[in-house]
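K.L.:
For reference, the file my_file_21.tsv (TSV, C-alpha atoms) is included below:
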```tsv
chain	number	residue	atom	x	y	z
A	1	MET	CA	0.00	0.00	0.00
A	2	ASP	CA	1.32	3.43	-1.00
A	3	LEU	CA	1.83	5.54	2.15
A	4	ASN	CA	0.31	8.51	0.30
A	5	LEU	CA	-2.91	6.49	-0.13
A	6	LEU	CA	-3.07	6.05	3.63
A	7	ARG	CA	-2.53	9.77	4.20
A	8	THR	CA	-5.34	10.60	1.79
A	9	LEU	CA	-7.60	8.00	3.40
A	10	ASP	CA	-6.88	9.46	6.84
A	11	ALA	CA	-7.70	12.98	5.64
A	12	LEU	CA	-10.95	11.80	4.01
A	13	LEU	CA	-12.03	9.90	7.12
A	14	GLN	CA	-11.25	12.90	9.32
A	15	GLU	CA	-12.94	15.50	7.10
A	16	ASN	CA	-15.77	13.50	5.42
A	17	SER	CA	-15.24	15.81	2.48
A	18	VAL	CA	-13.15	15.62	-0.68
A	19	THR	CA	-12.71	19.39	-0.77
A	20	ARG	CA	-11.61	19.76	2.85
A	21	ALA	CA	-9.35	16.71	2.57
A	22	ALA	CA	-7.69	18.32	-0.45
A	23	GLU	CA	-7.11	21.54	1.51
A	24	ARG	CA	-5.64	19.56	4.39
A	25	LEU	CA	-3.28	17.70	2.06
A	26	GLY	CA	-2.37	20.76	-0.02
A	27	THR	CA	-3.59	19.24	-3.27
A	28	SER	CA	-6.60	19.54	-5.61
A	29	PRO	CA	-10.09	18.03	-5.10
A	30	ALA	CA	-9.69	16.23	-8.43
A	31	ALA	CA	-6.52	14.50	-7.22
A	32	VAL	CA	-8.26	13.45	-3.98
A	33	SER	CA	-11.25	12.15	-5.95
A	34	ARG	CA	-8.97	9.97	-8.08
A	35	THR	CA	-7.24	8.65	-4.96
A	36	LEU	CA	-10.62	7.94	-3.34
A	37	ALA	CA	-11.55	5.82	-6.37
A	38	ARG	CA	-8.33	3.84	-5.95
A	39	LEU	CA	-9.02	3.39	-2.25
A	40	ARG	CA	-12.55	2.13	-2.92
A	41	ARG	CA	-11.18	-0.49	-5.29
A	42	ALA	CA	-8.45	-1.53	-2.86
A	43	VAL	CA	-10.72	-1.77	0.19
A	44	GLY	CA	-13.78	-3.09	-1.66
A	45	ASP	CA	-16.00	-0.52	0.03
A	46	PRO	CA	-17.30	2.94	-1.01
A	47	LEU	CA	-15.89	4.40	2.26
A	48	LEU	CA	-17.69	7.77	1.80
A	49	VAL	CA	-21.15	8.14	0.27
A	50	ARG	CA	-23.31	11.13	-0.58
A	51	ALA	CA	-25.81	12.33	2.02
A	52	GLY	CA	-27.49	15.49	0.76
A	53	GLN	CA	-24.84	18.17	0.23
A	54	GLY	CA	-22.21	16.28	2.20
A	55	MET	CA	-20.67	12.84	2.56
A	56	VAL	CA	-20.92	10.28	5.36
A	57	PRO	CA	-18.58	7.34	6.17
A	58	THR	CA	-19.69	3.77	5.71
A	59	PRO	CA	-19.46	1.36	8.67
A	60	ARG	CA	-16.23	0.02	7.19
A	61	ALA	CA	-14.79	3.55	7.04
A	62	VAL	CA	-15.68	4.12	10.69
A	63	GLU	CA	-13.81	0.91	11.58
A	64	LEU	CA	-10.77	2.05	9.63
A	65	ARG	CA	-10.58	5.61	11.00
A	66	ALA	CA	-8.70	4.90	14.26
A	67	GLU	CA	-6.65	2.09	12.72
A	68	VAL	CA	-5.40	4.24	9.83
A	69	GLY	CA	-4.51	7.12	12.16
A	70	ALA	CA	-2.50	4.84	14.44
A	71	LEU	CA	-0.76	3.25	11.46
A	72	LEU	CA	0.29	6.65	10.10
A	73	ARG	CA	1.60	7.77	13.46
A	74	GLY	CA	3.66	4.59	13.66
A	75	CYS	CA	5.07	5.19	10.17
A	76	ASP	CA	5.94	8.78	11.07
A	77	ASN	CA	7.80	7.59	14.18
A	78	VAL	CA	9.79	5.10	12.12
A	79	LEU	CA	10.74	7.66	9.49
A	80	ARG	CA	11.42	10.62	11.79
A	81	PRO	CA	15.16	10.94	12.70
A	82	GLY	CA	15.70	9.86	16.29
A	83	ALA	CA	11.99	9.68	16.92
A	84	GLY	CA	10.89	7.98	20.07
A	85	PHE	CA	14.38	7.82	21.57
A	86	GLU	CA	14.39	7.81	25.35
A	87	ALA	CA	17.65	7.02	27.08
A	88	VAL	CA	15.89	5.41	30.03
A	89	HIS	CA	14.70	2.59	27.75
A	90	LEU	CA	18.09	2.06	26.07
A	91	ARG	CA	19.66	-1.38	26.57
A	92	ARG	CA	23.10	-1.30	25.02
A	93	THR	CA	26.82	-1.68	25.63
A	94	PHE	CA	29.20	0.98	24.30
A	95	THR	CA	32.92	0.38	23.90
A	96	VAL	CA	35.41	3.23	24.33
A	97	GLN	CA	39.12	3.10	23.52
A	98	ALA	CA	41.13	5.52	25.64
A	99	GLY	CA	44.52	5.83	27.31
A	100	ASP	CA	44.75	5.06	31.00
A	101	LEU	CA	45.27	8.69	32.01
A	102	LEU	CA	42.15	9.88	30.22
A	103	LEU	CA	40.23	6.89	31.51
A	104	ALA	CA	41.16	7.58	35.11
A	105	GLY	CA	39.88	11.14	34.84
A	106	LEU	CA	36.60	10.60	33.03
A	107	ALA	CA	35.35	7.05	33.67
A	108	GLY	CA	33.70	7.88	36.99
A	109	THR	CA	31.98	11.02	35.73
A	110	LEU	CA	30.88	9.35	32.51
A	111	THR	CA	29.41	6.24	34.11
A	112	GLU	CA	27.55	8.29	36.74
A	113	ARG	CA	25.96	10.50	34.08
A	114	ILE	CA	25.14	7.53	31.86
A	115	HIS	CA	23.47	5.52	34.62
A	116	GLU	CA	21.44	8.49	35.82
A	117	GLU	CA	19.71	8.65	32.45
A	118	ALA	CA	20.07	5.08	31.17
A	119	PRO	CA	20.36	2.46	33.93
A	120	HIS	CA	20.54	-0.39	31.41
A	121	VAL	CA	23.52	0.99	29.45
A	122	ASP	CA	26.97	-0.50	30.09
A	123	VAL	CA	30.34	0.96	29.11
A	124	VAL	CA	33.42	-1.12	28.27
A	125	PHE	CA	36.77	0.66	28.23
A	126	LEU	CA	39.59	-0.76	26.14
A	127	PRO	CA	43.28	0.24	26.10
A	128	GLU	CA	44.89	1.80	23.07
A	129	ALA	CA	45.94	-1.59	21.68
A	130	LEU	CA	43.61	-1.09	18.68
A	131	GLU	CA	44.73	2.48	18.00
A	132	GLY	CA	45.56	3.23	14.39
A	133	GLY	CA	43.80	0.10	13.11
A	134	PRO	CA	40.41	-0.59	11.56
A	135	ALA	CA	38.65	-1.12	14.90
A	136	LEU	CA	36.12	1.65	14.29
A	137	ARG	CA	35.43	0.45	10.76
A	138	GLN	CA	35.01	-3.14	11.92
A	139	GLY	CA	32.75	-2.18	14.82
A	140	GLU	CA	35.11	-3.43	17.52
A	141	ILE	CA	34.85	-0.08	19.31
A	142	ASP	CA	32.20	2.64	19.30
A	143	VAL	CA	34.38	5.62	20.18
A	144	GLU	CA	38.10	6.31	20.09
A	145	LEU	CA	39.24	9.00	22.48
A	146	GLY	CA	42.59	10.76	22.70
A	147	VAL	CA	45.16	12.16	20.29
A	148	LEU	CA	43.71	11.00	16.98
A	149	GLY	CA	45.83	9.77	14.13
A	150	HIS	CA	46.05	7.09	11.42
A	151	LEU	CA	42.28	6.91	11.07
A	152	ASP	CA	40.45	5.39	8.11
A	153	PRO	CA	39.39	8.15	5.68
A	154	GLU	CA	35.66	7.85	6.33
A	155	ILE	CA	35.93	8.17	10.12
A	156	ARG	CA	34.09	11.11	11.71
A	157	THR	CA	35.91	13.16	14.35
A	158	ARG	CA	35.16	15.88	16.87
A	159	ALA	CA	37.85	18.05	18.43
A	160	LEU	CA	37.33	18.34	22.17
A	161	VAL	CA	40.11	20.17	23.99
A	162	GLU	CA	43.77	21.13	23.87
A	163	MET	CA	45.83	20.11	26.89
A	164	SER	CA	49.46	20.66	27.82
A	165	LEU	CA	51.88	18.13	29.22
A	166	VAL	CA	53.52	18.87	32.55
A	167	GLY	CA	56.24	17.12	34.50
A	168	VAL	CA	55.41	15.29	37.70
A	169	ALA	CA	57.70	14.07	40.47
A	170	ARG	CA	57.54	13.28	44.17
A	171	SER	CA	57.15	16.38	46.32
A	172	GLY	CA	60.61	15.98	47.83
A	173	HIS	CA	62.39	15.59	44.49
A	174	PRO	CA	65.67	17.58	44.21
A	175	LEU	CA	64.29	19.33	41.10
A	176	PHE	CA	62.03	21.43	43.29
A	177	ARG	CA	64.96	22.95	45.18
A	178	GLY	CA	65.52	25.50	42.45
A	179	ARG	CA	64.22	26.89	39.20
A	180	ILE	CA	63.52	24.11	36.73
A	181	ASP	CA	65.13	25.10	33.46
A	182	ALA	CA	65.77	22.94	30.40
A	183	ARG	CA	69.25	21.89	31.58
A	184	ARG	CA	68.10	20.73	35.04
A	185	PHE	CA	65.04	19.08	33.46
A	186	ALA	CA	67.24	17.12	31.04
A	187	ALA	CA	69.67	16.14	33.81
A	188	ALA	CA	66.97	14.32	35.79
A	189	ASP	CA	66.26	10.65	35.14
A	190	HIS	CA	62.96	10.23	33.32
A	191	ILE	CA	60.27	7.60	32.88
A	192	GLY	CA	59.47	6.91	29.25
A	193	ILE	CA	55.78	6.34	28.55
A	194	SER	CA	54.93	4.31	25.46
A	195	ARG	CA	52.66	1.31	24.96
A	196	LEU	CA	54.97	0.32	22.07
A	197	GLY	CA	58.17	0.74	24.06
A	198	LYS	CA	59.38	3.81	22.16
A	199	ARG	CA	62.12	5.75	23.93
A	200	LEU	CA	62.15	9.02	21.98
A	201	GLY	CA	59.42	11.58	21.36
A	202	PRO	CA	58.69	15.32	21.01
A	203	ILE	CA	60.39	16.12	24.31
A	204	ASP	CA	63.62	14.52	23.13
A	205	SER	CA	63.44	16.46	19.84
A	206	ALA	CA	62.95	19.75	21.73
A	207	LEU	CA	65.90	18.95	24.01
A	208	ALA	CA	68.05	18.04	21.01
A	209	ASP	CA	67.35	21.48	19.51
A	210	LEU	CA	68.96	22.91	22.64
A	211	GLY	CA	71.87	20.50	22.49
A	212	LEU	CA	70.52	18.53	25.45
A	213	ARG	CA	69.60	14.92	26.01
A	214	ARG	CA	67.73	13.17	28.78
A	215	ARG	CA	68.15	9.64	30.12
A	216	LEU	CA	65.23	7.22	30.32
A	217	PRO	CA	66.27	4.30	32.52
A	218	VAL	CA	62.77	2.82	32.38
A	219	VAL	CA	59.88	2.78	29.89
A	220	VAL	CA	56.34	1.87	30.97
A	221	PRO	CA	53.19	1.45	28.87
A	222	GLY	CA	50.96	4.01	30.60
A	223	HIS	CA	50.82	7.22	32.60
A	224	THR	CA	49.24	5.61	35.66
A	225	SER	CA	52.12	3.19	36.18
A	226	ALA	CA	54.55	6.05	35.52
A	227	MET	CA	53.03	8.15	38.30
A	228	MET	CA	53.13	5.22	40.73
A	229	LEU	CA	56.82	4.74	39.89
A	230	ALA	CA	57.54	8.46	40.26
A	231	ARG	CA	55.94	8.38	43.71
A	232	ASP	CA	58.52	5.89	44.98
A	233	THR	CA	61.66	7.07	43.14
A	234	ASP	CA	63.48	10.17	41.94
A	235	LEU	CA	62.33	9.52	38.39
A	236	VAL	CA	60.36	12.21	36.55
A	237	ALA	CA	57.14	11.37	34.72
A	238	LEU	CA	54.65	13.25	32.56
A	239	THR	CA	50.96	13.96	32.97
A	240	LEU	CA	48.28	16.31	31.66
A	241	ALA	CA	48.03	19.80	33.12
A	242	ASP	CA	45.16	20.26	35.59
A	243	TRP	CA	44.14	16.61	35.20
A	244	LEU	CA	43.50	14.49	38.32
A	245	PRO	CA	44.82	17.12	40.77
A	246	ASP	CA	43.40	15.30	43.81
A	247	THR	CA	45.07	12.06	42.75
A	248	ILE	CA	48.38	13.84	42.19
A	249	SER	CA	48.21	15.34	45.67
A	250	ALA	CA	47.12	12.07	47.30
A	251	LEU	CA	50.11	10.26	45.77
A	252	GLY	CA	52.48	12.83	47.22
A	253	LEU	CA	53.38	14.11	43.76
A	254	ARG	CA	53.85	17.62	42.45
A	255	THR	CA	53.61	18.94	38.90
A	256	PHE	CA	55.75	21.54	37.16
A	257	PRO	CA	55.76	23.20	33.72
A	258	ILE	CA	58.06	21.56	31.20
A	259	PRO	CA	60.68	24.22	30.29
A	260	LEU	CA	60.46	23.51	26.56
A	261	ASP	CA	58.50	24.89	23.63
A	262	LEU	CA	56.02	22.03	23.14
A	263	ALA	CA	52.77	22.09	21.17
A	264	PRO	CA	49.67	21.23	23.20
A	265	LEU	CA	48.02	17.86	22.75
A	266	GLU	CA	44.80	17.98	20.73
A	267	LEU	CA	42.33	15.56	22.24
A	268	GLY	CA	39.39	14.42	20.15
A	269	MET	CA	36.77	11.77	19.66
A	270	ALA	CA	36.31	9.52	16.62
A	271	TRP	CA	33.50	7.23	15.47
A	272	HIS	CA	32.37	5.43	12.33
A	273	PRO	CA	29.77	7.17	10.11
A	274	ARG	CA	27.38	4.21	10.32
A	275	ASN	CA	26.70	5.39	13.89
A	276	ALA	CA	26.58	9.11	13.10
A	277	ALA	CA	22.79	9.45	12.96
A	278	ASP	CA	21.95	6.75	15.50
A	279	PRO	CA	20.20	8.57	18.38
A	280	GLY	CA	21.57	6.27	21.08
A	281	HIS	CA	25.12	6.57	19.80
A	282	ARG	CA	24.78	10.35	19.44
A	283	TRP	CA	23.49	10.56	23.01
A	284	PHE	CA	26.47	8.53	24.22
A	285	ARG	CA	28.98	10.65	22.28
A	286	ASP	CA	27.54	13.81	23.83
A	287	HIS	CA	28.10	12.34	27.30
A	288	VAL	CA	31.66	11.31	26.45
A	289	ALA	CA	32.42	14.84	25.25
A	290	ALA	CA	30.88	16.37	28.37
A	291	ALA	CA	32.95	14.09	30.62
A	292	VAL	CA	36.17	15.19	28.90
A	293	LEU	CA	35.29	18.89	28.96
A	294	ALA	CA	34.03	18.89	32.56
A	295	PRO	CA	35.70	15.97	34.38
```
Go ahead and express the file in the form of structure tokens.

P.N.:
Amino acid sequence: MDLNLLRTLDALLQENSVTRAAERLGTSPAAVSRTLARLRRAVGDPLLVRAGQGMVPTPRAVELRAEVGALLRGCDNVLRPGAGFEAVHLRRTFTVQAGDLLLAGLAGTLTERIHEEAPHVDVVFLPEALEGGPALRQGEIDVELGVLGHLDPEIRTRALVEMSLVGVARSGHPLFRGRIDARRFAAADHIGISRLGKRLGPIDSALADLGLRRRLPVVVPGHTSAMMLARDTDLVALTLADWLPDTISALGLRTFPIPLDLAPLELGMAWHPRNAADPGHRWFRDHVAAAVLAP
């Protein structure tokens, strides 16, 4: 059945008039009359019959009136973008790929906000092991969060915030006994942070430009383990500025500006376009963004 036939039938059954139905539909009475003829043949009933100057519905038309209206409303809900979405009824598991430092700062806020609105939604966090691969394209993850790179060309992204790296060391570290310049910074022993075991990065390039070099006696895969190691040693680690200040203080650590000209980190969110218009996925992405911007 053509959906336009149902719309015309609904208008006719509501108005009991070809002329008024045509006005309601924004078309001509002749077009509505032709459609009425088609409807009569399809239903096997005259539907509307003459009664003096007007028209009255047949018993079959009366039976159809409520059913047709409900059917049209159902079709409109199906075809309307995001129609009928209510987070409270959502039953779904979302998977987020994020580094441990980001995860530590946003997981609590994100899950609280999610469960307030959608108690049946679960969130699975994965490490950056799938970073730079086709995980978004293959549907292995819903959202990638962090410094974005090596994404498939169709992937959608949203820039969230720029953040600076700062140094972090135990409060009693000898570095804090004087001004921390590039030379004293380079002279300290550092903790390398790389899930792939890389030893050199932008900091080393900036030091090399000044004719300096730092020593990295240990490399760990994440920022959390680096901070735990810095707490118990005289090794210097890195973290994000103004991120997890209570945790930094509780661990007996102290941050300091890195005395180098470093570009800020651009944190963003990425997802596959097949989820772009999905109302549940869009709702989840909005919460992820809010958790990053207001941890």

K.L.:
Write out as a compact mmCIF listing (two decimals) with C-alpha atoms, in the coordinates of the input the residues lying within 9 Å of A:Leu47, counting all atoms listed in the file and excluding same-chain residues fewer than 5 positions away.

P.N.:
```txt
# COMPACT_ATOMS: atom_id res chain seq x y z
CA LEU A 13 -12.03 9.90 7.12
CA LEU A 36 -10.62 7.94 -3.34
CA LEU A 39 -9.02 3.39 -2.25
CA ARG A 40 -12.55 2.13 -2.92
CA VAL A 56 -20.92 10.28 5.36
CA PRO A 57 -18.58 7.34 6.17
CA THR A 58 -19.69 3.77 5.71
CA PRO A 59 -19.46 1.36 8.67
CA ARG A 60 -16.23 0.02 7.19
CA ALA A 61 -14.79 3.55 7.04
CA VAL A 62 -15.68 4.12 10.69
```

K.L.:
Nearest to A:Glu162: which of A:Glu63, A:Asp261, A:Asp242, A:Glu128 is it, counting all atoms listed in the file?

P.N.:
A:Asp242

K.L.:
Would you mind telling me which residue in A:Arg199, A:His281, A:Arg214, A:Arg158 lies nearest to A:Leu267 when using all atoms listed in the file?

P.N.:
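For A:Leu267, the nearest of the given residues is A:Arg158.
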
K.L.:
Could you state the separation of atom CA of A:Ala241 and atom CA of A:Val124 in Å, given to one decimal place?

P.N.:
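If I compute the distance from atom CA of A:Ala241 to atom CA of A:Val124, I get 26.0 Å.
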
K.L.:
Contacts of A:Ala206 at 8 Å or less, counting only C-alpha atoms, minus same-chain residues fewer than 2 places along, as a VMD selection string?

P.N.:
chain A and resid 202 to 204 208 to 210 260 to 262

K.L.:
Of the residues A:Ala182, A:Leu293, A:Ile193, A:Trp283, which is the one nearest to A:Ile114, using only C-alpha atoms?

P.N.:
A:Trp283

K.L.:
Take atom CA of A:Asp100 and atom CA of A:His190 and report the distance between them in Å, one decimal.

P.N.:
19.1 Å

K.L.:
Could you name the residues that touch A:Val166 at 6 Å or less, counting only C-alpha atoms, but leaving out those on the same chain fewer than 6 positions away, as a PyMOL selection string?

P.N.:
chain A and resi 238-241+256-258

K.L.:
Include C-alpha atoms and write out the residues we just selected as a tab-separated table (two decimals), in the coordinates of the input.

P.N.:
```
chain	number	residue	atom	x	y	z
A	238	LEU	CA	54.65	13.25	32.56
A	239	THR	CA	50.96	13.96	32.97
A	240	LEU	CA	48.28	16.31	31.66
A	241	ALA	CA	48.03	19.80	33.12
A	256	PHE	CA	55.75	21.54	37.16
A	257	PRO	CA	55.76	23.20	33.72
A	258	ILE	CA	58.06	21.56	31.20
```

K.L.:
Mind giving me the straight-line distance from atom CA of A:Leu72 to atom CA of A:Ala11 in Å, one decimal?

P.N.:
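Taking atom CA of A:Leu72 as the start and atom CA of A:Ala11 as the end point, the length is 11.1 Å.
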
K.L.:
Considering all atoms listed in the file, state which residue in the set A:Leu6, A:Thr27, A:Val288, A:Arg156 is at the smallest distance from A:Leu71.

P.N.:
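Smallest separation from A:Leu71 among the options: A:Leu6.
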